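Engineer: Take this structure first; my questions come after.
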Amino acid sequence: MDGGSGWEDITSTVGTNAFILAGTSVNVVDGEATTQQLPGVGYTFQAGKVIVSTDPLTTDNVAGLGETEYEWAIQPTVNILPNKTYFFRLDPANVDSLPMPSLTTAAILPVSFANFSVSPDDKRVKLQWTTATEQNNDHFVIERSTNGNTNWQLVTTVKGSGSTTQSHTYTVHDNTPLNGKNFYRIKQYDADGNWKESEIKIAYNAGIKQLVNCIPKSCKRKISILH
């Protein structure tokens with residue numbers, strides 16, 4: 001429940017839900033037996049199950065004077081909202097009343113940059129970055145400066161992926177880098193106009209150098225090389 005709009009079952013289907021069963025996990029497998037993690041009430045512990053993708057659960061019985069624990073592996077979907085408190089509970093028809101854990105999301109769910117790199121690529125500079133998640137992401141603006149502090153100039157813009165929990169990699173090129181040091185940054189804009197900056201990266205362009213071949217009593221210019 002997102003703080004008052006009603007309860008929704010967490011299943012393996014996204015729909016309009018803010019959370020979904022993870023489906024897979026590198027740490028556990030679906031149906032794996034649980035070990036006791038919570039303080040008991042003095043009864044004999046009986047292993048439950050780890051739920052990663054099973055929907056719905058089968059009926060399991062706990063022996064008399066026994067207690068058990070279930071664990072769910074869930075993850076957010078693109079429908080999760082900023083500045084919301086979500087409460088979680090078990091179906092009250094099947095269990096006694098228990099305290100409800102909660103999760104409060106940040107006021108703004110930004111784009112999460114996994115990495116940002118720049119590197120020479122023939123006569124160009126290659127810029128590449130990866131987002132781990134995106135929320136309400138409209139576009140990126142790539143800018144270049146000669147000193148990393150002022151005179152930022154537009155290189156290009158790139159359309160964002162909106163809202164997604166999937167990793168995305170973006171690649172662009174600066175086709176006309178300046179001679180010497182080139183400082184780059186990314187400004188990410190939400191659909192509502194809010195923006196944030198990435199860290200600054202540097203690429204060095206050696207520019208054009210002329211090779212001169214000197215012979216006795218004269219010098220003759222040779223070819224120009226960009227490197």
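FYI, nothing fancy with the structure tokens labels: chains A, B, ... in order, residues from 1 per chain, ligands from 1 as they appear.
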Per DSSP on the backbone, what are the strand (DSSP E) residues of segment 61-206 of chain A, as a JSON list (two decimals) with N, CA and C atoms, in the first residue's frame?

Structural biologist:
```json
[["chain", "number", "residue", "atom", "x", "y", "z"],
["A", 66, "GLY", "N", 5.08, -25.07, 16.65],
["A", 66, "GLY", "CA", 6.15, -24.77, 15.71],
["A", 66, "GLY", "C", 6.04, -23.33, 15.21],
["A", 67, "GLU", "N", 7.10, -22.82, 14.69],
["A", 67, "GLU", "CA", 7.12, -21.48, 14.09],
["A", 67, "GLU", "C", 7.97, -21.52, 12.83],
["A", 68, "THR", "N", 7.71, -20.58, 11.92],
["A", 68, "THR", "CA", 8.41, -20.60, 10.64],
["A", 68, "THR", "C", 8.66, -19.18, 10.16],
["A", 69, "GLU", "N", 9.46, -19.06, 9.13],
["A", 69, "GLU", "CA", 9.73, -17.77, 8.49],
["A", 69, "GLU", "C", 9.73, -17.94, 6.98],
["A", 70, "TYR", "N", 9.11, -16.98, 6.29],
["A", 70, "TYR", "CA", 9.17, -16.89, 4.84],
["A", 70, "TYR", "C", 9.92, -15.61, 4.46],
["A", 71, "GLU", "N", 10.60, -15.65, 3.33],
["A", 71, "GLU", "CA", 11.32, -14.48, 2.84],
["A", 71, "GLU", "C", 10.93, -14.24, 1.38],
["A", 72, "TRP", "N", 10.72, -12.97, 1.04],
["A", 72, "TRP", "CA", 10.35, -12.60, -0.32],
["A", 72, "TRP", "C", 11.43, -11.73, -0.95],
["A", 74, "ILE", "N", 11.82, -9.12, -3.65],
["A", 74, "ILE", "CA", 11.02, -8.24, -4.50],
["A", 74, "ILE", "C", 11.88, -7.09, -4.99],
["A", 75, "GLN", "N", 11.39, -6.39, -6.01],
["A", 75, "GLN", "CA", 12.12, -5.24, -6.53],
["A", 75, "GLN", "C", 11.12, -4.20, -7.01],
["A", 76, "PRO", "N", 11.53, -2.93, -7.09],
["A", 76, "PRO", "CA", 10.61, -1.89, -7.56],
["A", 76, "PRO", "C", 10.40, -1.97, -9.05],
["A", 85, "THR", "N", 5.46, 6.67, 1.04],
["A", 85, "THR", "CA", 5.72, 5.62, 2.02],
["A", 85, "THR", "C", 4.88, 4.40, 1.66],
["A", 86, "TYR", "N", 5.55, 3.28, 1.43],
["A", 86, "TYR", "CA", 4.88, 2.03, 1.08],
["A", 86, "TYR", "C", 4.90, 1.11, 2.30],
["A", 87, "PHE", "N", 3.75, 0.51, 2.59],
["A", 87, "PHE", "CA", 3.63, -0.45, 3.68],
["A", 87, "PHE", "C", 3.47, -1.85, 3.11],
["A", 102, "SER", "N", 7.73, -0.74, 6.47],
["A", 102, "SER", "CA", 7.45, 0.31, 5.50],
["A", 102, "SER", "C", 8.73, 0.73, 4.80],
["A", 103, "LEU", "N", 8.58, 1.39, 3.66],
["A", 103, "LEU", "CA", 9.69, 1.92, 2.88],
["A", 103, "LEU", "C", 9.28, 3.29, 2.35],
["A", 104, "THR", "N", 10.08, 4.32, 2.62],
["A", 104, "THR", "CA", 9.81, 5.66, 2.12],
["A", 104, "THR", "C", 10.81, 6.00, 1.02],
["A", 112, "SER", "N", 20.56, 6.94, -11.81],
["A", 112, "SER", "CA", 21.73, 6.39, -11.13],
["A", 112, "SER", "C", 22.80, 6.05, -12.17],
["A", 113, "PHE", "N", 23.91, 6.83, -12.18],
["A", 113, "PHE", "CA", 25.00, 6.59, -13.13],
["A", 113, "PHE", "C", 25.89, 5.47, -12.62],
["A", 114, "ALA", "N", 26.04, 4.42, -13.41],
["A", 114, "ALA", "CA", 26.94, 3.33, -13.04],
["A", 114, "ALA", "C", 28.37, 3.67, -13.42],
["A", 115, "ASN", "N", 28.60, 4.37, -14.54],
["A", 115, "ASN", "CA", 29.95, 4.80, -14.93],
["A", 115, "ASN", "C", 29.84, 5.85, -16.01],
["A", 116, "PHE", "N", 30.92, 6.58, -16.21],
["A", 116, "PHE", "CA", 31.02, 7.61, -17.24],
["A", 116, "PHE", "C", 32.47, 7.67, -17.67],
["A", 117, "SER", "N", 32.74, 7.47, -18.95],
["A", 117, "SER", "CA", 34.12, 7.46, -19.43],
["A", 117, "SER", "C", 34.24, 8.23, -20.73],
["A", 118, "VAL", "N", 35.43, 8.79, -20.98],
["A", 118, "VAL", "CA", 35.76, 9.44, -22.25],
["A", 118, "VAL", "C", 37.08, 8.86, -22.73],
["A", 119, "SER", "N", 37.22, 8.73, -24.05],
["A", 119, "SER", "CA", 38.44, 8.13, -24.59],
["A", 119, "SER", "C", 38.63, 8.56, -26.04],
["A", 120, "PRO", "N", 39.89, 8.68, -26.51],
["A", 120, "PRO", "CA", 40.15, 9.01, -27.91],
["A", 120, "PRO", "C", 39.59, 7.93, -28.83],
["A", 121, "ASP", "N", 39.08, 8.35, -29.97],
["A", 121, "ASP", "CA", 38.54, 7.41, -30.95],
["A", 121, "ASP", "C", 38.85, 7.97, -32.34],
["A", 124, "ARG", "N", 38.13, 11.62, -33.11],
["A", 124, "ARG", "CA", 37.02, 12.03, -32.27],
["A", 124, "ARG", "C", 37.29, 11.67, -30.81],
["A", 125, "VAL", "N", 36.36, 12.05, -29.94],
["A", 125, "VAL", "CA", 36.37, 11.63, -28.55],
["A", 125, "VAL", "C", 35.09, 10.86, -28.29],
["A", 126, "LYS", "N", 35.24, 9.66, -27.76],
["A", 126, "LYS", "CA", 34.10, 8.80, -27.47],
["A", 126, "LYS", "C", 33.66, 9.00, -26.01],
["A", 127, "LEU", "N", 32.39, 9.25, -25.81],
["A", 127, "LEU", "CA", 31.82, 9.38, -24.47],
["A", 127, "LEU", "C", 30.82, 8.26, -24.26],
["A", 128, "GLN", "N", 30.93, 7.58, -23.13],
["A", 128, "GLN", "CA", 30.04, 6.45, -22.85],
["A", 128, "GLN", "C", 29.67, 6.46, -21.37],
["A", 129, "TRP", "N", 28.39, 6.23, -21.09],
["A", 129, "TRP", "CA", 27.95, 6.13, -19.71],
["A", 129, "TRP", "C", 26.82, 5.12, -19.60],
["A", 130, "THR", "N", 26.66, 4.60, -18.40],
["A", 130, "THR", "CA", 25.64, 3.59, -18.13],
["A", 130, "THR", "C", 24.77, 4.06, -16.96],
["A", 131, "THR", "N", 23.48, 3.87, -17.08],
["A", 131, "THR", "CA", 22.57, 4.15, -15.98],
["A", 131, "THR", "C", 22.10, 2.83, -15.38],
["A", 132, "ALA", "N", 22.16, 2.74, -14.07],
["A", 132, "ALA", "CA", 21.66, 1.54, -13.41],
["A", 132, "ALA", "C", 20.13, 1.55, -13.36],
["A", 133, "THR", "N", 19.56, 2.72, -13.08],
["A", 133, "THR", "CA", 18.10, 2.92, -13.08],
["A", 133, "THR", "C", 17.82, 4.32, -13.61],
["A", 134, "GLU", "N", 16.61, 4.52, -14.09],
["A", 134, "GLU", "CA", 16.17, 5.84, -14.52],
["A", 134, "GLU", "C", 14.74, 6.08, -14.05],
["A", 135, "GLN", "N", 14.47, 7.28, -13.59],
["A", 135, "GLN", "CA", 13.14, 7.64, -13.16],
["A", 135, "GLN", "C", 12.76, 8.98, -13.79],
["A", 136, "ASN", "N", 11.75, 8.95, -14.66],
["A", 136, "ASN", "CA", 11.24, 10.18, -15.26],
["A", 136, "ASN", "C", 12.33, 10.90, -16.05],
["A", 137, "ASN", "N", 13.23, 10.16, -16.68],
["A", 137, "ASN", "CA", 14.37, 10.74, -17.37],
["A", 137, "ASN", "C", 14.00, 11.17, -18.78],
["A", 138, "ASP", "N", 14.09, 12.48, -19.04],
["A", 138, "ASP", "CA", 13.73, 12.99, -20.35],
["A", 138, "ASP", "C", 14.89, 12.97, -21.34],
["A", 139, "HIS", "N", 16.02, 13.59, -20.95],
["A", 139, "HIS", "CA", 17.15, 13.62, -21.88],
["A", 139, "HIS", "C", 18.44, 13.96, -21.15],
["A", 140, "PHE", "N", 19.56, 13.75, -21.86],
["A", 140, "PHE", "CA", 20.89, 14.11, -21.40],
["A", 140, "PHE", "C", 21.43, 15.23, -22.28],
["A", 141, "VAL", "N", 22.17, 16.14, -21.68],
["A", 141, "VAL", "CA", 22.90, 17.18, -22.42],
["A", 141, "VAL", "C", 24.38, 16.97, -22.17],
["A", 142, "ILE", "N", 25.17, 16.78, -23.23],
["A", 142, "ILE", "CA", 26.61, 16.59, -23.10],
["A", 142, "ILE", "C", 27.29, 17.92, -23.42],
["A", 143, "GLU", "N", 28.14, 18.38, -22.49],
["A", 143, "GLU", "CA", 28.79, 19.67, -22.64],
["A", 143, "GLU", "C", 30.31, 19.53, -22.56],
["A", 144, "ARG", "N", 31.02, 20.51, -23.17],
["A", 144, "ARG", "CA", 32.48, 20.50, -23.20],
["A", 144, "ARG", "C", 33.00, 21.88, -22.78],
["A", 145, "SER", "N", 34.13, 21.86, -22.08],
["A", 145, "SER", "CA", 34.77, 23.09, -21.63],
["A", 145, "SER", "C", 36.27, 22.96, -21.81],
["A", 153, "GLN", "N", 30.11, 24.38, -23.48],
["A", 153, "GLN", "CA", 29.47, 24.42, -24.78],
["A", 153, "GLN", "C", 28.75, 23.10, -25.06],
["A", 154, "LEU", "N", 27.64, 23.19, -25.74],
["A", 154, "LEU", "CA", 26.85, 22.00, -26.08],
["A", 154, "LEU", "C", 27.58, 21.15, -27.11],
["A", 155, "VAL", "N", 27.68, 19.85, -26.83],
["A", 155, "VAL", "CA", 28.21, 18.88, -27.79],
["A", 155, "VAL", "C", 27.06, 18.19, -28.50],
["A", 156, "THR", "N", 26.14, 17.64, -27.72],
["A", 156, "THR", "CA", 24.97, 16.97, -28.29],
["A", 156, "THR", "C", 23.96, 16.70, -27.19],
["A", 157, "THR", "N", 22.77, 16.30, -27.56],
["A", 157, "THR", "CA", 21.75, 15.86, -26.61],
["A", 157, "THR", "C", 21.34, 14.43, -26.95],
["A", 158, "VAL", "N", 20.95, 13.68, -25.93],
["A", 158, "VAL", "CA", 20.56, 12.28, -26.11],
["A", 158, "VAL", "C", 19.25, 12.04, -25.38],
["A", 159, "LYS", "N", 18.30, 11.40, -26.02],
["A", 159, "LYS", "CA", 17.02, 11.09, -25.41],
["A", 159, "LYS", "C", 17.18, 10.06, -24.32],
["A", 160, "GLY", "N", 16.54, 10.28, -23.16],
["A", 160, "GLY", "CA", 16.58, 9.33, -22.06],
["A", 160, "GLY", "C", 15.59, 8.20, -22.25],
["A", 161, "SER", "N", 15.57, 7.29, -21.29],
["A", 161, "SER", "CA", 14.71, 6.10, -21.40],
["A", 161, "SER", "C", 13.48, 6.19, -20.51],
["A", 162, "GLY", "N", 13.16, 7.39, -20.04],
["A", 162, "GLY", "CA", 11.95, 7.54, -19.23],
["A", 162, "GLY", "C", 12.14, 6.98, -17.83],
["A", 163, "SER", "N", 11.35, 5.98, -17.49],
["A", 163, "SER", "CA", 11.46, 5.31, -16.20],
["A", 163, "SER", "C", 11.72, 3.83, -16.43],
["A", 164, "THR", "N", 12.78, 3.33, -15.84],
["A", 164, "THR", "CA", 13.14, 1.92, -16.03],
["A", 164, "THR", "C", 14.06, 1.47, -14.91],
["A", 168, "HIS", "N", 20.97, 0.74, -18.84],
["A", 168, "HIS", "CA", 21.09, 1.24, -20.21],
["A", 168, "HIS", "C", 22.46, 1.87, -20.40],
["A", 169, "THR", "N", 23.08, 1.59, -21.55],
["A", 169, "THR", "CA", 24.37, 2.17, -21.90],
["A", 169, "THR", "C", 24.19, 3.12, -23.08],
["A", 170, "TYR", "N", 24.76, 4.32, -22.96],
["A", 170, "TYR", "CA", 24.66, 5.34, -23.99],
["A", 170, "TYR", "C", 26.06, 5.65, -24.52],
["A", 171, "THR", "N", 26.17, 5.85, -25.83],
["A", 171, "THR", "CA", 27.45, 6.16, -26.46],
["A", 171, "THR", "C", 27.26, 7.29, -27.46],
["A", 172, "VAL", "N", 28.09, 8.34, -27.36],
["A", 172, "VAL", "CA", 28.08, 9.44, -28.32],
["A", 172, "VAL", "C", 29.53, 9.81, -28.63],
["A", 173, "HIS", "N", 29.71, 10.63, -29.66],
["A", 173, "HIS", "CA", 31.05, 11.09, -30.04],
["A", 173, "HIS", "C", 31.06, 12.61, -30.15],
["A", 174, "ASP", "N", 32.17, 13.18, -29.72],
["A", 174, "ASP", "CA", 32.47, 14.58, -30.02],
["A", 174, "ASP", "C", 33.31, 14.55, -31.29],
["A", 180, "GLY", "N", 44.27, 20.19, -27.33],
["A", 180, "GLY", "CA", 44.60, 20.23, -25.91],
["A", 180, "GLY", "C", 43.58, 19.51, -25.07],
["A", 181, "LYS", "N", 43.35, 20.03, -23.85],
["A", 181, "LYS", "CA", 42.45, 19.38, -22.92],
["A", 181, "LYS", "C", 40.99, 19.68, -23.24],
["A", 182, "ASN", "N", 40.16, 18.63, -23.18],
["A", 182, "ASN", "CA", 38.72, 18.76, -23.34],
["A", 182, "ASN", "C", 38.05, 18.21, -22.09],
["A", 183, "PHE", "N", 37.30, 19.05, -21.41],
["A", 183, "PHE", "CA", 36.58, 18.63, -20.21],
["A", 183, "PHE", "C", 35.12, 18.36, -20.60],
["A", 184, "TYR", "N", 34.59, 17.23, -20.11],
["A", 184, "TYR", "CA", 33.22, 16.85, -20.47],
["A", 184, "TYR", "C", 32.39, 16.61, -19.21],
["A", 185, "ARG", "N", 31.11, 16.94, -19.31],
["A", 185, "ARG", "CA", 30.15, 16.62, -18.26],
["A", 185, "ARG", "C", 28.81, 16.31, -18.90],
["A", 186, "ILE", "N", 27.96, 15.60, -18.13],
["A", 186, "ILE", "CA", 26.62, 15.26, -18.58],
["A", 186, "ILE", "C", 25.62, 15.92, -17.64],
["A", 187, "LYS", "N", 24.62, 16.57, -18.20],
["A", 187, "LYS", "CA", 23.51, 17.11, -17.42],
["A", 187, "LYS", "C", 22.26, 16.29, -17.76],
["A", 188, "GLN", "N", 21.69, 15.67, -16.76],
["A", 188, "GLN", "CA", 20.51, 14.82, -16.96],
["A", 188, "GLN", "C", 19.27, 15.59, -16.54],
["A", 189, "TYR", "N", 18.28, 15.67, -17.44],
["A", 189, "TYR", "CA", 17.06, 16.43, -17.20],
["A", 189, "TYR", "C", 15.86, 15.51, -17.02],
["A", 190, "ASP", "N", 15.09, 15.74, -15.93],
["A", 190, "ASP", "CA", 13.83, 15.04, -15.74],
["A", 190, "ASP", "C", 12.76, 15.69, -16.63],
["A", 195, "TRP", "N", 17.29, 19.01, -13.04],
["A", 195, "TRP", "CA", 18.47, 18.42, -13.66],
["A", 195, "TRP", "C", 19.57, 18.22, -12.63],
["A", 196, "LYS", "N", 20.50, 17.33, -12.96],
["A", 196, "LYS", "CA", 21.66, 17.04, -12.13],
["A", 196, "LYS", "C", 22.86, 16.86, -13.04],
["A", 197, "GLU", "N", 24.06, 17.08, -12.50],
["A", 197, "GLU", "CA", 25.29, 16.97, -13.27],
["A", 197, "GLU", "C", 26.05, 15.71, -12.90],
["A", 201, "LYS", "N", 34.93, 14.63, -16.72],
["A", 201, "LYS", "CA", 35.98, 13.78, -17.27],
["A", 201, "LYS", "C", 36.83, 14.58, -18.27],
["A", 202, "ILE", "N", 38.10, 14.17, -18.43],
["A", 202, "ILE", "CA", 39.04, 14.89, -19.29],
["A", 202, "ILE", "C", 39.54, 13.98, -20.41],
["A", 203, "ALA", "N", 39.58, 14.52, -21.62],
["A", 203, "ALA", "CA", 40.23, 13.85, -22.75],
["A", 203, "ALA", "C", 41.23, 14.83, -23.36],
["A", 204, "TYR", "N", 42.38, 14.32, -23.81],
["A", 204, "TYR", "CA", 43.42, 15.19, -24.37],
["A", 204, "TYR", "C", 43.54, 14.94, -25.87],
["A", 205, "ASN", "N", 43.44, 16.03, -26.63],
["A", 205, "ASN", "CA", 43.58, 15.95, -28.08],
["A", 205, "ASN", "C", 44.89, 16.63, -28.47]]
```

Engineer: Please determine, counting only C-alpha atoms, which residue among A:Ala63, A:Ala206, A:Val29, A:Ile200 has the shortest atom-to-atom distance to Val50 of chain A.

Structural biologist: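 Checking each of A:Ala63, A:Ala206, A:Val29, A:Ile200 against Val50 of chain A, counting only C-alpha atoms, the winner is A:Val29.
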
Engineer: Here is a test: counting only C-alpha atoms, which residue of A:Val41, A:Ala47, A:Leu90, A:Val14 is nearest to Leu65 of chain A?

Structural biologist: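 Residue with the minimum atom-to-atom distance to Leu65 of chain A: A:Val41.
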
Engineer: Write out as a list of chain:residue names each polymer residue whose atoms come within 10 Å of Ala73 of chain A, counting only C-alpha atoms; drop sequence neighbours fewer than 6 positions from it.

Structural biologist: A:Ile20, A:Leu21, A:Ala22, A:Gly23, A:Thr24, A:Ser25, A:Asn27, A:Val28, A:Val29, A:Asp30, A:Val50, A:Ile51, A:Val52, A:Ser53
